[in-house]
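Have a look at the structure below, then the notes.
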Amino acid sequence: MAEETAVIGHPVVRLSEVGKGFDGTTVLDDISLDVPQRQFIALVGPSGAGKSTLLRLVNGMHVPDSGTVATLGENPATCSRGRLRALRARVGFVFQQFGLVGRLSALENVLMGSLATLRLPRYGVMSYPRALRIRAVEHLDRVGLADRRFQRCDTLSGGQQQRVAVARTLLQSPELILADEPVASLDPAASVLVLDILRRISAEDGISVVCSLHQIEYALATADRVVALRGGRLVLDEPAADLTAGRLREIYDTAGDGDD
Ligand SMILES: Nc1ncnc2c1ncn2[C@@H]1O[C@H](COP(=O)(O)OP(=O)(O)O)[C@@H](O)[C@H]1O
Ligand SMILES: [Mg+2]
């Protein structure tokens, strides 16, 4: 505990020698990773590399088989249910499939981001406190969708829906955002817009983002740091500025070959 972290501040997330498997098959093997404050990390790797599993370990949806996970100072694998709930309220999660309620308006979907802290179920925008409604519109404005706030989410484009999901996450005032392939179902223009918004939020609000991405180009253009998984191993961890697409692709395509 009394390591150099006391000087530089605790990392937002620390994975220490984490291993995880399912049904006897190793999915993540000996992963160590520190996420400092305000950093945007792109987590890249081919399908099945363990990206989603890693993100789920960070918010306690999975428990590691070995090693430890520390998220915002908590161990999600061992803390009480109450503390885990409180921890998840501090961690925003953005999904590939947005996770919105299609028949509800953009505004009401954003307001649902507060449900972790409000006790009762809510029905309709007006059932939320006024101060919260104002904040929700501000967050929609931040993702460029204030004028769409009364539109049903199932009539918005994919990119717009993901921006609503980001605004919903912001209403949680997250200290960390985990994004699992947030642009995998979007066209290139919408992808760039969503990633740009996430990057701006990270830089302006000082929120760390760990974002899994399939496309190397997006990782290089967006992230401060690129971490690559392959065959369950961490095969690359470097500042994005030091990487080229060619080099990253080479590592991505060849590292770990023959290991499994
Ligand atoms: N809940 C689960 N039960 C069994 N196997 C799983 C489960 N979750 C993931 N896996 C397996 O773990 C491996 C890594 O999956 P995942 O973390 O989803 O990779 P990625 O997100 O990089 O595509 C895959 O082989 C997948 O089938
Ligand atoms: Mg995945």
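Residue numbering restarts at 1 for every chain of the structure tokens, chains are lettered A, B, ... in their displayed order, and ligands are numbered from 1 as they appear.
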
Near range 52-55 of chain A, within 9 Å and counting only C-alpha atoms, which residues show up once chain neighbours fewer than 6 positions away are dropped, as a list of chain:residue names?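 Answer for this query is A:Lys20, A:Val27, A:Leu28, A:Met61, A:His62, A:Leu178, A:Ala179, A:Asp180, A:Glu181, A:Val210, A:Cys211, A:Ser212.
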
Counting only C-alpha atoms and all ligand atoms, give me one row per residue of chain A with an atom at most 12 Å from an atom of ligand 1, showing the shortest contact pair and its distance in Å to one decimal, sorted by chain then residue number, as CSV.
residue,atom,partner,partner_atom_place_in_ligand_line,distance
A:Gly19,CA,ligand 1,12 (O),11.9
A:Lys20,CA,ligand 1,12 (O),8.9
A:Gly21,CA,ligand 1,12 (O),7.2
A:Phe22,CA,ligand 1,4 (C),4.8
A:Asp23,CA,ligand 1,4 (C),6.6
A:Gly24,CA,ligand 1,4 (C),9.5
A:Thr25,CA,ligand 1,12 (O),8.0
A:Thr26,CA,ligand 1,12 (O),7.9
A:Val27,CA,ligand 1,12 (O),5.2
A:Leu28,CA,ligand 1,14 (C),7.9
A:Asp29,CA,ligand 1,14 (C),11.4
A:Leu43,CA,ligand 1,22 (O),8.9
A:Val44,CA,ligand 1,22 (O),7.9
A:Gly45,CA,ligand 1,22 (O),6.2
A:Pro46,CA,ligand 1,22 (O),6.1
A:Ser47,CA,ligand 1,23 (O),3.6
A:Gly48,CA,ligand 1,19 (O),3.5
A:Ala49,CA,ligand 1,22 (O),3.8
A:Gly50,CA,ligand 1,17 (O),3.2
A:Lys51,CA,ligand 1,22 (O),3.7
A:Ser52,CA,ligand 1,21 (O),3.7
A:Thr53,CA,ligand 1,17 (O),3.7
A:Leu54,CA,ligand 1,17 (O),6.5
A:Leu55,CA,ligand 1,17 (O),8.1
A:Arg56,CA,ligand 1,17 (O),8.4
A:Leu57,CA,ligand 1,17 (O),9.9
A:Met61,CA,ligand 1,1 (N),9.7
A:His62,CA,ligand 1,1 (N),8.3
A:Val63,CA,ligand 1,1 (N),11.0
A:Phe95,CA,ligand 1,21 (O),11.4
A:Gln96,CA,ligand 1,21 (O),10.8
A:Ala179,CA,ligand 1,21 (O),11.1
A:Asp180,CA,ligand 1,21 (O),7.7
A:Glu181,CA,ligand 1,21 (O),8.2
A:Pro182,CA,ligand 1,21 (O),11.7
A:Ala184,CA,ligand 1,23 (O),11.5
A:Cys211,CA,ligand 1,21 (O),11.0
A:Ser212,CA,ligand 1,21 (O),7.8
A:Leu213,CA,ligand 1,22 (O),9.1
A:His214,CA,ligand 1,22 (O),8.7
A:Ala228,CA,ligand 1,22 (O),9.9
A:Leu229,CA,ligand 1,22 (O),7.6
A:Arg230,CA,ligand 1,22 (O),8.2
A:Gly231,CA,ligand 1,14 (C),8.6
A:Gly232,CA,ligand 1,14 (C),7.6
A:Arg233,CA,ligand 1,22 (O),11.1
A:Leu234,CA,ligand 1,22 (O),11.7
A:Asp260,CA,ligand 1,25 (O),11.5

What is the distance between CA of Arg88 in chain A and CA of Ala131 in chain A, in Å to one decimal? 22.6 Å

Can you pull out the residues contacting Gly246 in chain A? Cut-off 12 Å, using only C-alpha atoms, and skip same-chain residues under 4 positions away; I want them as a PyMOL selection string. chain A and resi 216-217+220+242+250-253

Create the file for the chosen residues now, containing C-alpha atoms and written as a PDB file, in the first residue's frame.
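File produced: selection.pdb:
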ATOM      1  CA  ILE A 216      -6.592   0.959 -34.742  1.00  0.00           C
ATOM      2  CA  GLU A 217      -7.039   4.303 -36.497  1.00  0.00           C
ATOM      3  CA  LEU A 220      -4.516   6.381 -32.443  1.00  0.00           C
ATOM      4  CA  ASP A 242       4.688   7.152 -30.049  1.00  0.00           C
ATOM      5  CA  GLU A 250       2.115  -5.345 -36.853  1.00  0.00           C
ATOM      6  CA  ILE A 251       2.006  -5.953 -33.101  1.00  0.00           C
ATOM      7  CA  TYR A 252      -1.716  -6.514 -33.220  1.00  0.00           C
ATOM      8  CA  ASP A 253      -1.448  -9.062 -36.031  1.00  0.00           C
TER       9      ASP A 253
END

Using only C-alpha atoms, which of the listed residues (A:Gln39, A:Thr71, A:Ser16, A:Thr78) sits closest to Val226 in chain A?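 Nearest to Val226 in chain A: A:Gln39.
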
To test your reading of the structure, identify every residue in range 25-209 of chain A that backbone DSSP assigns to helix (DSSP H, G or I), and report it as a PyMOL selection string. chain A and resi 51-58+81-90+106-114+125-127+130-142+146-148+153-155+158-171+188-205

Take CA of Gly144 in chain A and CA of Asp205 in chain A and report the distance between them in Å, one decimal.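 It comes out at 17.0 Å.
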
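Around Ala240 in chain A, within 8 Å and counting only C-alpha atoms, the residues found are A:Ala219, A:Leu220, A:Ala221, A:Ala223, A:Asp224, A:Arg225, A:Val226, once anything fewer than 4 positions away on its own chain is removed.
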
Leu100 in chain A: which residues within 12 Å, counting only C-alpha atoms, same-chain residues fewer than 4 positions away excluded, as a PDB file with C-alpha atoms, in the first residue's frame?
ATOM      1  CA  VAL A  94     -21.159   3.018 -22.331  1.00  0.00           C
ATOM      2  CA  PHE A  95     -22.212   0.005 -24.406  1.00  0.00           C
ATOM      3  CA  GLN A  96     -21.998  -0.800 -28.092  1.00  0.00           C
ATOM      4  CA  LEU A 104     -38.746   7.282 -24.236  1.00  0.00           C
ATOM      5  CA  SER A 105     -37.436  10.716 -25.134  1.00  0.00           C
ATOM      6  CA  ALA A 106     -33.754  11.592 -25.183  1.00  0.00           C
ATOM      7  CA  LEU A 107     -34.268  13.717 -22.073  1.00  0.00           C
ATOM      8  CA  GLU A 108     -35.957  10.963 -20.108  1.00  0.00           C
ATOM      9  CA  ASN A 109     -33.227   8.517 -21.053  1.00  0.00           C
ATOM     10  CA  VAL A 110     -30.611  10.962 -19.782  1.00  0.00           C
ATOM     11  CA  LEU A 111     -32.581  11.422 -16.560  1.00  0.00           C
ATOM     12  CA  MET A 112     -32.479   7.662 -16.023  1.00  0.00           C
ATOM     13  CA  GLY A 113     -28.759   8.086 -15.416  1.00  0.00           C
ATOM     14  CA  ARG A 152     -38.091   9.464 -28.988  1.00  0.00           C
ATOM     15  CA  CYS A 153     -34.747   7.688 -28.922  1.00  0.00           C
ATOM     16  CA  ASP A 154     -35.808   5.029 -31.422  1.00  0.00           C
ATOM     17  CA  THR A 155     -36.185   7.780 -34.032  1.00  0.00           C
ATOM     18  CA  LEU A 156     -32.636   9.078 -33.545  1.00  0.00           C
ATOM     19  CA  GLY A 158     -27.219   5.435 -34.063  1.00  0.00           C
ATOM     20  CA  GLN A 160     -27.259  10.392 -31.858  1.00  0.00           C
ATOM     21  CA  GLN A 161     -28.387   7.531 -29.633  1.00  0.00           C
ATOM     22  CA  GLN A 162     -24.849   6.896 -28.471  1.00  0.00           C
ATOM     23  CA  ARG A 163     -24.474  10.607 -27.694  1.00  0.00           C
ATOM     24  CA  VAL A 164     -27.658  10.395 -25.587  1.00  0.00           C
ATOM     25  CA  ALA A 165     -26.097   7.426 -23.790  1.00  0.00           C
ATOM     26  CA  VAL A 166     -22.977   9.497 -23.109  1.00  0.00           C
ATOM     27  CA  ALA A 167     -25.124  12.333 -21.734  1.00  0.00           C
ATOM     28  CA  ARG A 168     -26.938   9.826 -19.523  1.00  0.00           C
ATOM     29  CA  THR A 169     -23.588   8.650 -18.185  1.00  0.00           C
TER      30      THR A 169
END

CA of Ala190 in chain A to CA of Gly159 in chain A, straight-line distance in Å: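 Rounded to one decimal, the two atoms are 5.0 Å apart.
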
Considering only C-alpha atoms and all ligand atoms, can you say which of A:Val13, A:Val91, A:Leu33, A:Val183 comes closest to ligand 2?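 When distances to ligand 2 are compared using only C-alpha atoms and all ligand atoms, the smallest one comes from A:Val183.
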
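Using only C-alpha atoms, the nearest neighbour of Gln172 in chain A within the list A:Arg85, A:Arg122, A:Arg103, A:Arg90 is A:Arg90.
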